[in-house]
Each structure stands twice: as structure tokens, then as C-alpha cells.
$ cat coords-v4.txt   # compact mmCIF, N, CA, C and O atoms
# COMPACT_ATOMS: atom_id res chain seq x y z
N MET A 29 101.18 105.40 76.02
CA MET A 29 101.71 105.62 77.35
C MET A 29 102.80 104.60 77.64
O MET A 29 102.75 103.48 77.15
N ARG A 30 103.70 104.97 78.45
CA ARG A 30 104.80 104.06 78.76
C ARG A 30 104.35 102.95 79.70
O ARG A 30 103.32 103.05 80.37
N ALA A 31 105.15 101.90 79.77
CA ALA A 31 104.75 100.71 80.53
C ALA A 31 105.22 100.74 81.98
O ALA A 31 104.65 100.07 82.82
N THR A 32 106.26 101.51 82.29
CA THR A 32 106.76 101.54 83.66
C THR A 32 106.80 102.97 84.18
O THR A 32 106.94 103.92 83.41
N PHE A 33 106.65 103.11 85.48
CA PHE A 33 106.67 104.41 86.14
C PHE A 33 107.59 104.33 87.34
O PHE A 33 107.71 103.28 87.98
N SER A 34 108.21 105.44 87.69
CA SER A 34 109.09 105.49 88.85
C SER A 34 108.28 105.79 90.11
O SER A 34 107.11 106.20 90.03
N TYR A 35 108.92 105.61 91.26
CA TYR A 35 108.27 105.99 92.52
C TYR A 35 107.94 107.48 92.51
O TYR A 35 106.90 107.89 93.01
N ALA A 36 108.81 108.28 91.92
CA ALA A 36 108.56 109.72 91.85
C ALA A 36 107.28 110.01 91.07
O ALA A 36 106.48 110.87 91.46
N ASP A 37 107.07 109.31 89.96
CA ASP A 37 105.85 109.48 89.17
C ASP A 37 104.62 109.11 89.98
O ASP A 37 103.61 109.82 89.97
N ILE A 38 104.70 107.99 90.68
CA ILE A 38 103.58 107.52 91.49
C ILE A 38 103.26 108.50 92.60
O ILE A 38 102.11 108.90 92.80
N LEU A 39 104.29 108.95 93.31
CA LEU A 39 104.08 109.89 94.42
C LEU A 39 103.55 111.23 93.92
O LEU A 39 102.73 111.86 94.57
N ARG A 40 104.02 111.69 92.77
CA ARG A 40 103.54 112.96 92.20
C ARG A 40 102.05 112.84 91.88
O ARG A 40 101.27 113.73 92.22
N ALA A 41 101.64 111.76 91.25
CA ALA A 41 100.24 111.59 90.87
C ALA A 41 99.34 111.49 92.09
O ALA A 41 98.30 112.15 92.16
N VAL A 42 99.74 110.68 93.07
CA VAL A 42 98.94 110.55 94.29
C VAL A 42 98.95 111.87 95.06
O VAL A 42 97.92 112.30 95.58
N GLY A 43 100.09 112.55 95.09
CA GLY A 43 100.18 113.83 95.78
C GLY A 43 99.28 114.89 95.18
O GLY A 43 98.70 115.70 95.90
N GLN A 44 99.13 114.89 93.86
CA GLN A 44 98.23 115.85 93.22
C GLN A 44 96.79 115.64 93.68
O GLN A 44 96.07 116.61 93.94
N VAL A 45 96.39 114.38 93.80
CA VAL A 45 95.04 114.09 94.27
C VAL A 45 94.88 114.58 95.71
O VAL A 45 93.88 115.22 96.06
N LEU A 46 95.87 114.32 96.56
CA LEU A 46 95.79 114.73 97.96
C LEU A 46 95.83 116.25 98.09
O LEU A 46 95.17 116.81 98.97
N ASP A 47 96.58 116.93 97.24
CA ASP A 47 96.59 118.40 97.26
C ASP A 47 95.21 118.96 96.93
O ASP A 47 94.80 119.97 97.50
N GLN A 48 94.50 118.32 96.02
CA GLN A 48 93.18 118.80 95.62
C GLN A 48 92.19 118.75 96.78
O GLN A 48 91.27 119.55 96.83
N VAL A 49 92.41 117.82 97.72
CA VAL A 49 91.50 117.72 98.86
C VAL A 49 92.14 118.28 100.13
O VAL A 49 91.64 118.08 101.23
N SER A 50 93.26 119.01 99.99
CA SER A 50 93.92 119.77 101.06
C SER A 50 94.31 118.94 102.29
O SER A 50 94.00 119.32 103.42
N MET A 51 94.99 117.85 102.07
CA MET A 51 95.46 117.03 103.19
C MET A 51 96.76 117.60 103.75
O MET A 51 97.58 118.14 103.03
N LYS A 52 96.92 117.50 105.06
CA LYS A 52 98.12 118.00 105.72
C LYS A 52 99.16 116.91 105.95
O LYS A 52 100.34 117.18 106.03
N SER A 53 98.72 115.66 106.07
CA SER A 53 99.66 114.54 106.18
C SER A 53 99.03 113.32 105.54
O SER A 53 97.80 113.25 105.36
N ILE A 54 99.89 112.38 105.17
CA ILE A 54 99.41 111.21 104.44
C ILE A 54 100.10 109.95 104.94
O ILE A 54 101.15 110.01 105.59
N ALA A 55 99.50 108.83 104.62
CA ALA A 55 100.11 107.52 104.82
C ALA A 55 99.84 106.72 103.56
O ALA A 55 98.69 106.68 103.08
N ILE A 56 100.87 106.13 102.99
CA ILE A 56 100.72 105.32 101.79
C ILE A 56 101.22 103.92 102.14
O ILE A 56 102.34 103.75 102.59
N HIS A 57 100.35 102.96 101.92
CA HIS A 57 100.68 101.57 102.20
C HIS A 57 100.70 100.80 100.89
O HIS A 57 99.74 100.85 100.12
N VAL A 58 101.80 100.11 100.63
CA VAL A 58 101.89 99.26 99.45
C VAL A 58 101.18 97.95 99.76
O VAL A 58 101.45 97.32 100.78
N GLU A 59 100.27 97.57 98.89
CA GLU A 59 99.55 96.32 99.04
C GLU A 59 99.88 95.41 97.86
O GLU A 59 100.48 95.85 96.88
N GLU A 60 99.49 94.19 97.98
CA GLU A 60 99.79 93.20 96.94
C GLU A 60 99.26 93.62 95.57
O GLU A 60 99.91 93.41 94.55
N ASP A 61 98.10 94.25 95.55
CA ASP A 61 97.47 94.61 94.28
C ASP A 61 97.43 96.11 94.02
O ASP A 61 96.66 96.58 93.19
N GLY A 62 98.23 96.92 94.74
CA GLY A 62 98.24 98.35 94.50
C GLY A 62 98.63 99.16 95.72
O GLY A 62 99.52 98.77 96.47
N LEU A 63 97.94 100.28 95.92
CA LEU A 63 98.24 101.19 97.03
C LEU A 63 96.99 101.49 97.84
O LEU A 63 95.90 101.59 97.29
N PHE A 64 97.19 101.69 99.14
CA PHE A 64 96.13 102.17 100.02
C PHE A 64 96.64 103.49 100.59
O PHE A 64 97.71 103.55 101.20
N VAL A 65 95.90 104.58 100.35
CA VAL A 65 96.34 105.92 100.72
C VAL A 65 95.37 106.51 101.73
O VAL A 65 94.15 106.43 101.54
N GLU A 66 95.91 107.11 102.77
CA GLU A 66 95.10 107.79 103.78
C GLU A 66 95.56 109.24 103.86
O GLU A 66 96.75 109.53 103.80
N GLY A 67 94.60 110.15 104.00
CA GLY A 67 94.91 111.57 104.15
C GLY A 67 94.32 112.09 105.45
O GLY A 67 93.20 111.75 105.82
N PHE A 68 95.12 112.92 106.14
CA PHE A 68 94.72 113.44 107.45
C PHE A 68 94.72 114.96 107.42
O PHE A 68 95.54 115.58 106.74
N ASP A 69 93.84 115.56 108.23
CA ASP A 69 93.79 117.02 108.34
C ASP A 69 94.85 117.48 109.35
O ASP A 69 95.62 116.68 109.89
N SER A 70 94.91 118.78 109.61
CA SER A 70 95.94 119.34 110.50
C SER A 70 95.79 118.87 111.95
O SER A 70 96.74 118.89 112.71
N ALA A 71 94.59 118.40 112.32
CA ALA A 71 94.37 117.87 113.68
C ALA A 71 94.70 116.38 113.76
O ALA A 71 94.57 115.77 114.82
N GLY A 72 95.13 115.80 112.65
CA GLY A 72 95.48 114.39 112.64
C GLY A 72 94.29 113.45 112.45
O GLY A 72 94.43 112.24 112.59
N GLN A 73 93.15 114.02 112.10
CA GLN A 73 91.95 113.21 111.88
C GLN A 73 91.93 112.66 110.46
O GLN A 73 92.19 113.39 109.49
N LEU A 74 91.60 111.40 110.34
CA LEU A 74 91.49 110.77 109.03
C LEU A 74 90.38 111.45 108.22
O LEU A 74 89.26 111.58 108.70
N GLN A 75 90.71 111.90 107.02
CA GLN A 75 89.74 112.59 106.18
C GLN A 75 89.40 111.82 104.91
O GLN A 75 88.31 111.94 104.39
N VAL A 76 90.35 111.07 104.40
CA VAL A 76 90.12 110.38 103.13
C VAL A 76 90.92 109.09 103.10
O VAL A 76 92.03 109.01 103.64
N GLN A 77 90.32 108.07 102.50
CA GLN A 77 91.00 106.82 102.23
C GLN A 77 90.77 106.48 100.77
O GLN A 77 89.64 106.58 100.28
N MET A 78 91.84 106.10 100.09
CA MET A 78 91.74 105.75 98.67
C MET A 78 92.49 104.45 98.44
O MET A 78 93.60 104.27 98.95
N ARG A 79 91.90 103.57 97.69
CA ARG A 79 92.55 102.32 97.33
C ARG A 79 92.72 102.33 95.81
O ARG A 79 91.76 102.53 95.07
N TYR A 80 93.95 102.17 95.39
CA TYR A 80 94.25 102.12 93.96
C TYR A 80 94.74 100.72 93.62
O TYR A 80 95.81 100.31 94.07
N ASP A 81 93.97 99.99 92.80
CA ASP A 81 94.50 98.73 92.29
C ASP A 81 95.43 99.09 91.13
O ASP A 81 95.57 100.27 90.77
N ILE A 82 96.06 98.12 90.54
CA ILE A 82 97.05 98.38 89.50
C ILE A 82 96.43 99.15 88.33
O ILE A 82 97.01 100.11 87.83
N ALA A 83 95.25 98.74 87.90
CA ALA A 83 94.60 99.40 86.76
C ALA A 83 94.26 100.86 87.05
O ALA A 83 94.53 101.75 86.23
N SER A 84 93.70 101.13 88.22
CA SER A 84 93.33 102.52 88.54
C SER A 84 94.57 103.37 88.79
O SER A 84 94.59 104.55 88.47
N LEU A 85 95.63 102.78 89.34
CA LEU A 85 96.88 103.51 89.53
C LEU A 85 97.50 103.86 88.18
O LEU A 85 97.97 104.99 87.98
N TYR A 86 97.44 102.94 87.24
CA TYR A 86 97.95 103.20 85.90
C TYR A 86 97.16 104.34 85.24
O TYR A 86 97.74 105.25 84.65
N ASP A 87 95.84 104.31 85.37
CA ASP A 87 95.01 105.40 84.82
C ASP A 87 95.36 106.74 85.45
O ASP A 87 95.47 107.76 84.76
N LEU A 88 95.53 106.76 86.77
CA LEU A 88 95.90 107.98 87.48
C LEU A 88 97.24 108.51 86.98
O LEU A 88 97.40 109.71 86.73
N LEU A 89 98.20 107.62 86.81
CA LEU A 89 99.53 108.03 86.34
C LEU A 89 99.47 108.57 84.92
O LEU A 89 100.13 109.56 84.60
N CYS A 90 98.69 107.94 84.07
CA CYS A 90 98.56 108.42 82.69
C CYS A 90 97.93 109.81 82.65
O CYS A 90 98.39 110.68 81.92
N ARG A 91 96.87 110.02 83.44
CA ARG A 91 96.24 111.35 83.50
C ARG A 91 97.21 112.38 84.04
O ARG A 91 97.28 113.51 83.54
N SER A 92 97.97 112.01 85.06
CA SER A 92 98.94 112.93 85.66
C SER A 92 100.01 113.32 84.65
O SER A 92 100.42 114.47 84.57
N GLU A 93 100.46 112.35 83.86
CA GLU A 93 101.49 112.61 82.86
C GLU A 93 100.97 113.57 81.79
O GLU A 93 101.68 114.48 81.37
N VAL A 94 99.73 113.39 81.37
CA VAL A 94 99.13 114.29 80.37
C VAL A 94 99.02 115.71 80.94
O VAL A 94 99.35 116.68 80.27
N GLN A 95 98.58 115.82 82.19
CA GLN A 95 98.47 117.14 82.83
C GLN A 95 99.84 117.81 82.94
O GLN A 95 99.97 119.02 82.72
N LEU A 96 100.87 117.03 83.27
CA LEU A 96 102.22 117.58 83.38
C LEU A 96 102.71 118.08 82.02
O LEU A 96 103.30 119.15 81.92
N GLU A 97 102.44 117.31 80.96
CA GLU A 97 102.83 117.73 79.61
C GLU A 97 102.12 119.02 79.21
O GLU A 97 102.73 119.92 78.65
N GLU A 98 100.82 119.10 79.51
CA GLU A 98 100.06 120.31 79.19
C GLU A 98 100.61 121.51 79.94
O GLU A 98 100.73 122.60 79.38
N ARG A 99 100.95 121.33 81.21
CA ARG A 99 101.50 122.41 82.02
C ARG A 99 102.84 122.86 81.45
O ARG A 99 103.11 124.05 81.33
N ASN A 100 103.68 121.91 81.07
CA ASN A 100 104.99 122.25 80.51
C ASN A 100 104.86 123.00 79.20
O ASN A 100 105.62 123.93 78.93
N GLU A 101 103.88 122.61 78.37
CA GLU A 101 103.64 123.32 77.12
C GLU A 101 103.21 124.76 77.39
O GLU A 101 103.67 125.68 76.73
N HIS A 102 102.36 124.96 78.39
CA HIS A 102 101.89 126.30 78.75
C HIS A 102 103.06 127.15 79.25
O HIS A 102 103.22 128.30 78.84
N VAL A 103 103.88 126.60 80.12
CA VAL A 103 105.02 127.33 80.67
C VAL A 103 106.00 127.68 79.56
O VAL A 103 106.50 128.80 79.49
N THR A 104 106.27 126.73 78.66
CA THR A 104 107.18 127.00 77.55
C THR A 104 106.64 128.13 76.67
O THR A 104 107.39 129.03 76.30
N ALA A 105 105.35 128.10 76.38
CA ALA A 105 104.75 129.16 75.56
C ALA A 105 104.83 130.50 76.28
O ALA A 105 105.09 131.53 75.66
N GLU A 106 104.64 130.49 77.59
CA GLU A 106 104.71 131.73 78.36
C GLU A 106 106.13 132.30 78.31
O GLU A 106 106.33 133.50 78.11
N TYR A 107 107.15 131.45 78.48
CA TYR A 107 108.54 131.90 78.42
C TYR A 107 108.89 132.42 77.04
O TYR A 107 109.58 133.42 76.90
N GLU A 108 108.41 131.73 76.00
CA GLU A 108 108.67 132.19 74.64
C GLU A 108 108.06 133.56 74.41
O GLU A 108 108.68 134.42 73.78
N GLY A 109 106.85 133.78 74.92
CA GLY A 109 106.21 135.08 74.77
C GLY A 109 106.98 136.18 75.48
O GLY A 109 107.16 137.28 74.95
N THR A 110 107.49 135.88 76.67
CA THR A 110 108.28 136.84 77.43
C THR A 110 109.56 137.17 76.68
O THR A 110 109.95 138.34 76.56
N LEU A 111 110.22 136.16 76.13
CA LEU A 111 111.46 136.37 75.38
C LEU A 111 111.19 137.20 74.13
O LEU A 111 111.95 138.14 73.83
N LEU A 112 110.11 136.90 73.43
CA LEU A 112 109.80 137.68 72.22
C LEU A 112 109.52 139.14 72.55
O LEU A 112 109.97 140.04 71.84
N ARG A 113 108.78 139.39 73.64
CA ARG A 113 108.51 140.78 74.05
C ARG A 113 109.82 141.49 74.41
O ARG A 113 110.03 142.65 74.08
N PHE A 114 110.70 140.79 75.10
CA PHE A 114 111.98 141.38 75.49
C PHE A 114 112.80 141.73 74.25
O PHE A 114 113.35 142.83 74.15
N LEU A 115 112.89 140.80 73.32
CA LEU A 115 113.69 141.04 72.12
C LEU A 115 113.08 142.10 71.21
O LEU A 115 113.80 142.79 70.50
N ALA A 116 111.77 142.24 71.26
CA ALA A 116 111.09 143.23 70.41
C ALA A 116 111.18 144.64 70.98
O ALA A 116 110.90 145.61 70.27
N ASN A 117 111.60 144.80 72.21
CA ASN A 117 111.67 146.12 72.85
C ASN A 117 112.95 146.82 72.38
O ASN A 117 114.06 146.45 72.75
N PRO A 118 112.82 147.89 71.60
CA PRO A 118 114.01 148.57 71.08
C PRO A 118 114.77 149.35 72.16
O PRO A 118 115.92 149.70 71.96
N ARG A 119 114.15 149.62 73.31
CA ARG A 119 114.81 150.40 74.36
C ARG A 119 115.60 149.54 75.33
O ARG A 119 116.20 150.04 76.26
N ARG A 120 115.60 148.22 75.13
CA ARG A 120 116.32 147.35 76.07
C ARG A 120 117.82 147.55 75.91
O ARG A 120 118.32 147.84 74.83
N LYS A 121 118.50 147.42 77.02
CA LYS A 121 119.96 147.55 77.01
C LYS A 121 120.54 146.44 77.84
O LYS A 121 119.97 146.04 78.84
N PRO A 122 121.67 145.93 77.43
CA PRO A 122 122.30 144.89 78.25
C PRO A 122 122.65 145.43 79.64
O PRO A 122 122.94 146.60 79.80
N ILE A 123 122.62 144.57 80.60
CA ILE A 123 122.97 144.96 81.97
C ILE A 123 124.41 145.44 81.99
O ILE A 123 125.30 144.81 81.43
N GLY A 124 124.62 146.57 82.63
CA GLY A 124 125.97 147.12 82.74
C GLY A 124 126.33 148.07 81.61
O GLY A 124 127.40 148.66 81.64
N ALA A 125 125.45 148.22 80.64
CA ALA A 125 125.74 149.14 79.53
C ALA A 125 125.53 150.57 79.99
O ALA A 125 124.59 150.88 80.70
N SER A 126 126.43 151.43 79.59
CA SER A 126 126.27 152.84 79.95
C SER A 126 125.40 153.53 78.92
O SER A 126 125.29 153.12 77.78
N ARG A 127 124.82 154.66 79.33
CA ARG A 127 123.92 155.41 78.44
C ARG A 127 124.65 156.31 77.55
O ARG A 127 125.47 156.96 77.50

$ encode --input "coords-v4.txt" --output "C-alpha cells"
Amino acid sequence: MRATFSYADILRAVGQVLDQVSMKSIAIHVEEDGLFVEGFDSAGQLQVQMRYDIASLYDLLCRSEVQLEERNEHVTAEYEGTLLRFLANPRRKPIGASR
């Protein structure tokens, strides 16, 4: 795994966790040793609080990166399958071709 992560990587990983518990709004506080995250429901009521120290944040980011790679592999395979089916269809015609 890589040694540094961008803010986008951190927000994506934390956002995936919050999506799993269906939060409508969030607050993220940077602390000396990591992040403190709060999730609120649609009524503005606090529903979840999570504290990530550096080690747990790193673990979360690594898991998120693996999940993203797996998803990208699945999407790539799906697109390849669609392209192969398209190319294998003998009745296909380029757009704008007359009969």
C-alpha cells in the first residue's frame, strides 16, 4: 500500500462508511491524532460518532482502495463483455449506414 493519501482519498473512504449507515449530513473534525466524524439524520439529530486515529484511518483507506480496485476490475470486465457482444453481432451496422 502507498504511504500517502490525498484529502479526496480520505473523504471517499469516510464517505463510504457514512453512506452505509445512511447519514444525511456530516461533520469532520481534524484532530491531532486523526479524525473525529459525526453523522446526522435528516432531522439533524446526531446518529453516529466515529474517531479514527492514524492507524485506523490508514486501515480504512487501504480497505477502501482495495474495494475501489475490485469495483474497477468488475466494471472493466463488464465493458469488455459488452464490446465483445457488440463486435460478435453480425447484424450490427454503423450509425448512419443505409440499408

$ closest_residue --input "coords-v4.txt" --among "A:Ser53, A:Thr110, A:Ser34, A:Asn117" --to "Val76 (chain A)" --atoms "only N, CA, C and O atoms"
A:Ser53

$ residues_around --input "coords-v4.txt" --residues "Glu66 (chain A)" --least-positions-apart "4" --cutoff "6 Å" --atoms "all atoms listed in the file" --output "list in words"
Ser53, Ile54, Ala55, Ile56, Val76, Gln77 and Met78 of chain A

$ closest_residue --input "coords-v4.txt" --among "A:Thr32, A:Leu39, A:Gln44, A:Lys52" --to "Gly72 (chain A)" --atoms "all atoms listed in the file"
A:Lys52

$ residues_around --input "coords-v4.txt" --residues "Tyr80 (chain A)" --least-positions-apart "5" --cutoff "7 Å" --atoms "only N, CA, C and O atoms" --output "list of chain:residue names"
A:Asp61, A:Gly62, A:Leu63, A:Phe64, A:Val65, A:Leu85

$ atom_distance --input "coords-v4.txt" --atom1 "CA of Phe68 (chain A)" --atom2 "CA of Val49 (chain A)"
10.1 Å

$ axis_aligned_box --input "coords-v4.txt" --around "region 66-85 of chain A" --padding-each-side "3 Å" --output "AutoDock Vina command-line options"
--center_x 93.1 --center_y 108.7 --center_z 100.5 --size_x 15.7 --size_y 27.2 --size_z 34.6

$ closest_residue --input "coords-v4.txt" --among "A:Ala36, A:Leu46, A:Ala41, A:Leu74" --to "Tyr86 (chain A)" --atoms "only C-alpha atoms"
A:Ala41

$ atom_distance --input "coords-v4.txt" --atom1 "CA of Val42 (chain A)" --atom2 "CA of Ser92 (chain A)"
9.0 Å

$ atom_distance --input "coords-v4.txt" --atom1 "atom C of Tyr35 (chain A)" --atom2 "atom O of Gln48 (chain A)"
21.0 Å

$ select_by_dssp --input "coords-v4.txt" --residues "region 44-98 of chain A" --states "strand (DSSP E)" --output "list in words"
Ser53, Ile54, Ala55, Ile56, His57, Val58, Glu59, Gly62, Leu63, Phe64, Val65, Glu66, Gly67, Phe68, Leu74, Gln75, Val76, Gln77, Met78, Arg79, Tyr80 and Asp81 of chain A

$ write_last_selection --input "coords-v4.txt" --atoms "N, CA, C and O atoms" --output "PDB file, keeping the file's coordinate frame"
ATOM      1  N   SER A  53      98.720 115.660 106.070  1.00  0.00           N
ATOM      2  CA  SER A  53      99.660 114.540 106.180  1.00  0.00           C
ATOM      3  C   SER A  53      99.030 113.320 105.540  1.00  0.00           C
ATOM      4  O   SER A  53      97.800 113.250 105.360  1.00  0.00           O
ATOM      5  N   ILE A  54      99.890 112.380 105.170  1.00  0.00           N
ATOM      6  CA  ILE A  54      99.410 111.210 104.440  1.00  0.00           C
ATOM      7  C   ILE A  54     100.100 109.950 104.940  1.00  0.00           C
ATOM      8  O   ILE A  54     101.150 110.010 105.590  1.00  0.00           O
ATOM      9  N   ALA A  55      99.500 108.830 104.620  1.00  0.00           N
ATOM     10  CA  ALA A  55     100.110 107.520 104.820  1.00  0.00           C
ATOM     11  C   ALA A  55      99.840 106.720 103.560  1.00  0.00           C
ATOM     12  O   ALA A  55      98.690 106.680 103.080  1.00  0.00           O
ATOM     13  N   ILE A  56     100.870 106.130 102.990  1.00  0.00           N
ATOM     14  CA  ILE A  56     100.720 105.320 101.790  1.00  0.00           C
ATOM     15  C   ILE A  56     101.220 103.920 102.140  1.00  0.00           C
ATOM     16  O   ILE A  56     102.340 103.750 102.590  1.00  0.00           O
ATOM     17  N   HIS A  57     100.350 102.960 101.920  1.00  0.00           N
ATOM     18  CA  HIS A  57     100.680 101.570 102.200  1.00  0.00           C
ATOM     19  C   HIS A  57     100.700 100.800 100.890  1.00  0.00           C
ATOM     20  O   HIS A  57      99.740 100.850 100.120  1.00  0.00           O
ATOM     21  N   VAL A  58     101.800 100.110 100.630  1.00  0.00           N
ATOM     22  CA  VAL A  58     101.890  99.260  99.450  1.00  0.00           C
ATOM     23  C   VAL A  58     101.180  97.950  99.760  1.00  0.00           C
ATOM     24  O   VAL A  58     101.450  97.320 100.780  1.00  0.00           O
ATOM     25  N   GLU A  59     100.270  97.570  98.890  1.00  0.00           N
ATOM     26  CA  GLU A  59      99.550  96.320  99.040  1.00  0.00           C
ATOM     27  C   GLU A  59      99.880  95.410  97.860  1.00  0.00           C
ATOM     28  O   GLU A  59     100.480  95.850  96.880  1.00  0.00           O
ATOM     29  N   GLY A  62      98.230  96.920  94.740  1.00  0.00           N
ATOM     30  CA  GLY A  62      98.240  98.350  94.500  1.00  0.00           C
ATOM     31  C   GLY A  62      98.630  99.160  95.720  1.00  0.00           C
ATOM     32  O   GLY A  62      99.520  98.770  96.470  1.00  0.00           O
ATOM     33  N   LEU A  63      97.940 100.280  95.920  1.00  0.00           N
ATOM     34  CA  LEU A  63      98.240 101.190  97.030  1.00  0.00           C
ATOM     35  C   LEU A  63      96.990 101.490  97.840  1.00  0.00           C
ATOM     36  O   LEU A  63      95.900 101.590  97.290  1.00  0.00           O
ATOM     37  N   PHE A  64      97.190 101.690  99.140  1.00  0.00           N
ATOM     38  CA  PHE A  64      96.130 102.170 100.020  1.00  0.00           C
ATOM     39  C   PHE A  64      96.640 103.490 100.590  1.00  0.00           C
ATOM     40  O   PHE A  64      97.710 103.550 101.200  1.00  0.00           O
ATOM     41  N   VAL A  65      95.900 104.580 100.350  1.00  0.00           N
ATOM     42  CA  VAL A  65      96.340 105.920 100.720  1.00  0.00           C
ATOM     43  C   VAL A  65      95.370 106.510 101.730  1.00  0.00           C
ATOM     44  O   VAL A  65      94.150 106.430 101.540  1.00  0.00           O
ATOM     45  N   GLU A  66      95.910 107.110 102.770  1.00  0.00           N
ATOM     46  CA  GLU A  66      95.100 107.790 103.780  1.00  0.00           C
ATOM     47  C   GLU A  66      95.560 109.240 103.860  1.00  0.00           C
ATOM     48  O   GLU A  66      96.750 109.530 103.800  1.00  0.00           O
ATOM     49  N   GLY A  67      94.600 110.150 104.000  1.00  0.00           N
ATOM     50  CA  GLY A  67      94.910 111.570 104.150  1.00  0.00           C
ATOM     51  C   GLY A  67      94.320 112.090 105.450  1.00  0.00           C
ATOM     52  O   GLY A  67      93.200 111.750 105.820  1.00  0.00           O
ATOM     53  N   PHE A  68      95.120 112.920 106.140  1.00  0.00           N
ATOM     54  CA  PHE A  68      94.720 113.440 107.450  1.00  0.00           C
ATOM     55  C   PHE A  68      94.720 114.960 107.420  1.00  0.00           C
ATOM     56  O   PHE A  68      95.540 115.580 106.740  1.00  0.00           O
ATOM     57  N   LEU A  74      91.600 111.400 110.340  1.00  0.00           N
ATOM     58  CA  LEU A  74      91.490 110.770 109.030  1.00  0.00           C
ATOM     59  C   LEU A  74      90.380 111.450 108.220  1.00  0.00           C
ATOM     60  O   LEU A  74      89.260 111.580 108.700  1.00  0.00           O
ATOM     61  N   GLN A  75      90.710 111.900 107.020  1.00  0.00           N
ATOM     62  CA  GLN A  75      89.740 112.590 106.180  1.00  0.00           C
ATOM     63  C   GLN A  75      89.400 111.820 104.910  1.00  0.00           C
ATOM     64  O   GLN A  75      88.310 111.940 104.390  1.00  0.00           O
ATOM     65  N   VAL A  76      90.350 111.070 104.400  1.00  0.00           N
ATOM     66  CA  VAL A  76      90.120 110.380 103.130  1.00  0.00           C
ATOM     67  C   VAL A  76      90.920 109.090 103.100  1.00  0.00           C
ATOM     68  O   VAL A  76      92.030 109.010 103.640  1.00  0.00           O
ATOM     69  N   GLN A  77      90.320 108.070 102.500  1.00  0.00           N
ATOM     70  CA  GLN A  77      91.000 106.820 102.230  1.00  0.00           C
ATOM     71  C   GLN A  77      90.770 106.480 100.770  1.00  0.00           C
ATOM     72  O   GLN A  77      89.640 106.580 100.280  1.00  0.00           O
ATOM     73  N   MET A  78      91.840 106.100 100.090  1.00  0.00           N
ATOM     74  CA  MET A  78      91.740 105.750  98.670  1.00  0.00           C
ATOM     75  C   MET A  78      92.490 104.450  98.440  1.00  0.00           C
ATOM     76  O   MET A  78      93.600 104.270  98.950  1.00  0.00           O
ATOM     77  N   ARG A  79      91.900 103.570  97.690  1.00  0.00           N
ATOM     78  CA  ARG A  79      92.550 102.320  97.330  1.00  0.00           C
ATOM     79  C   ARG A  79      92.720 102.330  95.810  1.00  0.00           C
ATOM     80  O   ARG A  79      91.760 102.530  95.070  1.00  0.00           O
ATOM     81  N   TYR A  80      93.950 102.170  95.390  1.00  0.00           N
ATOM     82  CA  TYR A  80      94.250 102.120  93.960  1.00  0.00           C
ATOM     83  C   TYR A  80      94.740 100.720  93.620  1.00  0.00           C
ATOM     84  O   TYR A  80      95.810 100.310  94.070  1.00  0.00           O
ATOM     85  N   ASP A  81      93.970  99.990  92.800  1.00  0.00           N
ATOM     86  CA  ASP A  81      94.500  98.730  92.290  1.00  0.00           C
ATOM     87  C   ASP A  81      95.430  99.090  91.130  1.00  0.00           C
ATOM     88  O   ASP A  81      95.570 100.270  90.770  1.00  0.00           O
TER      89      ASP A  81
END
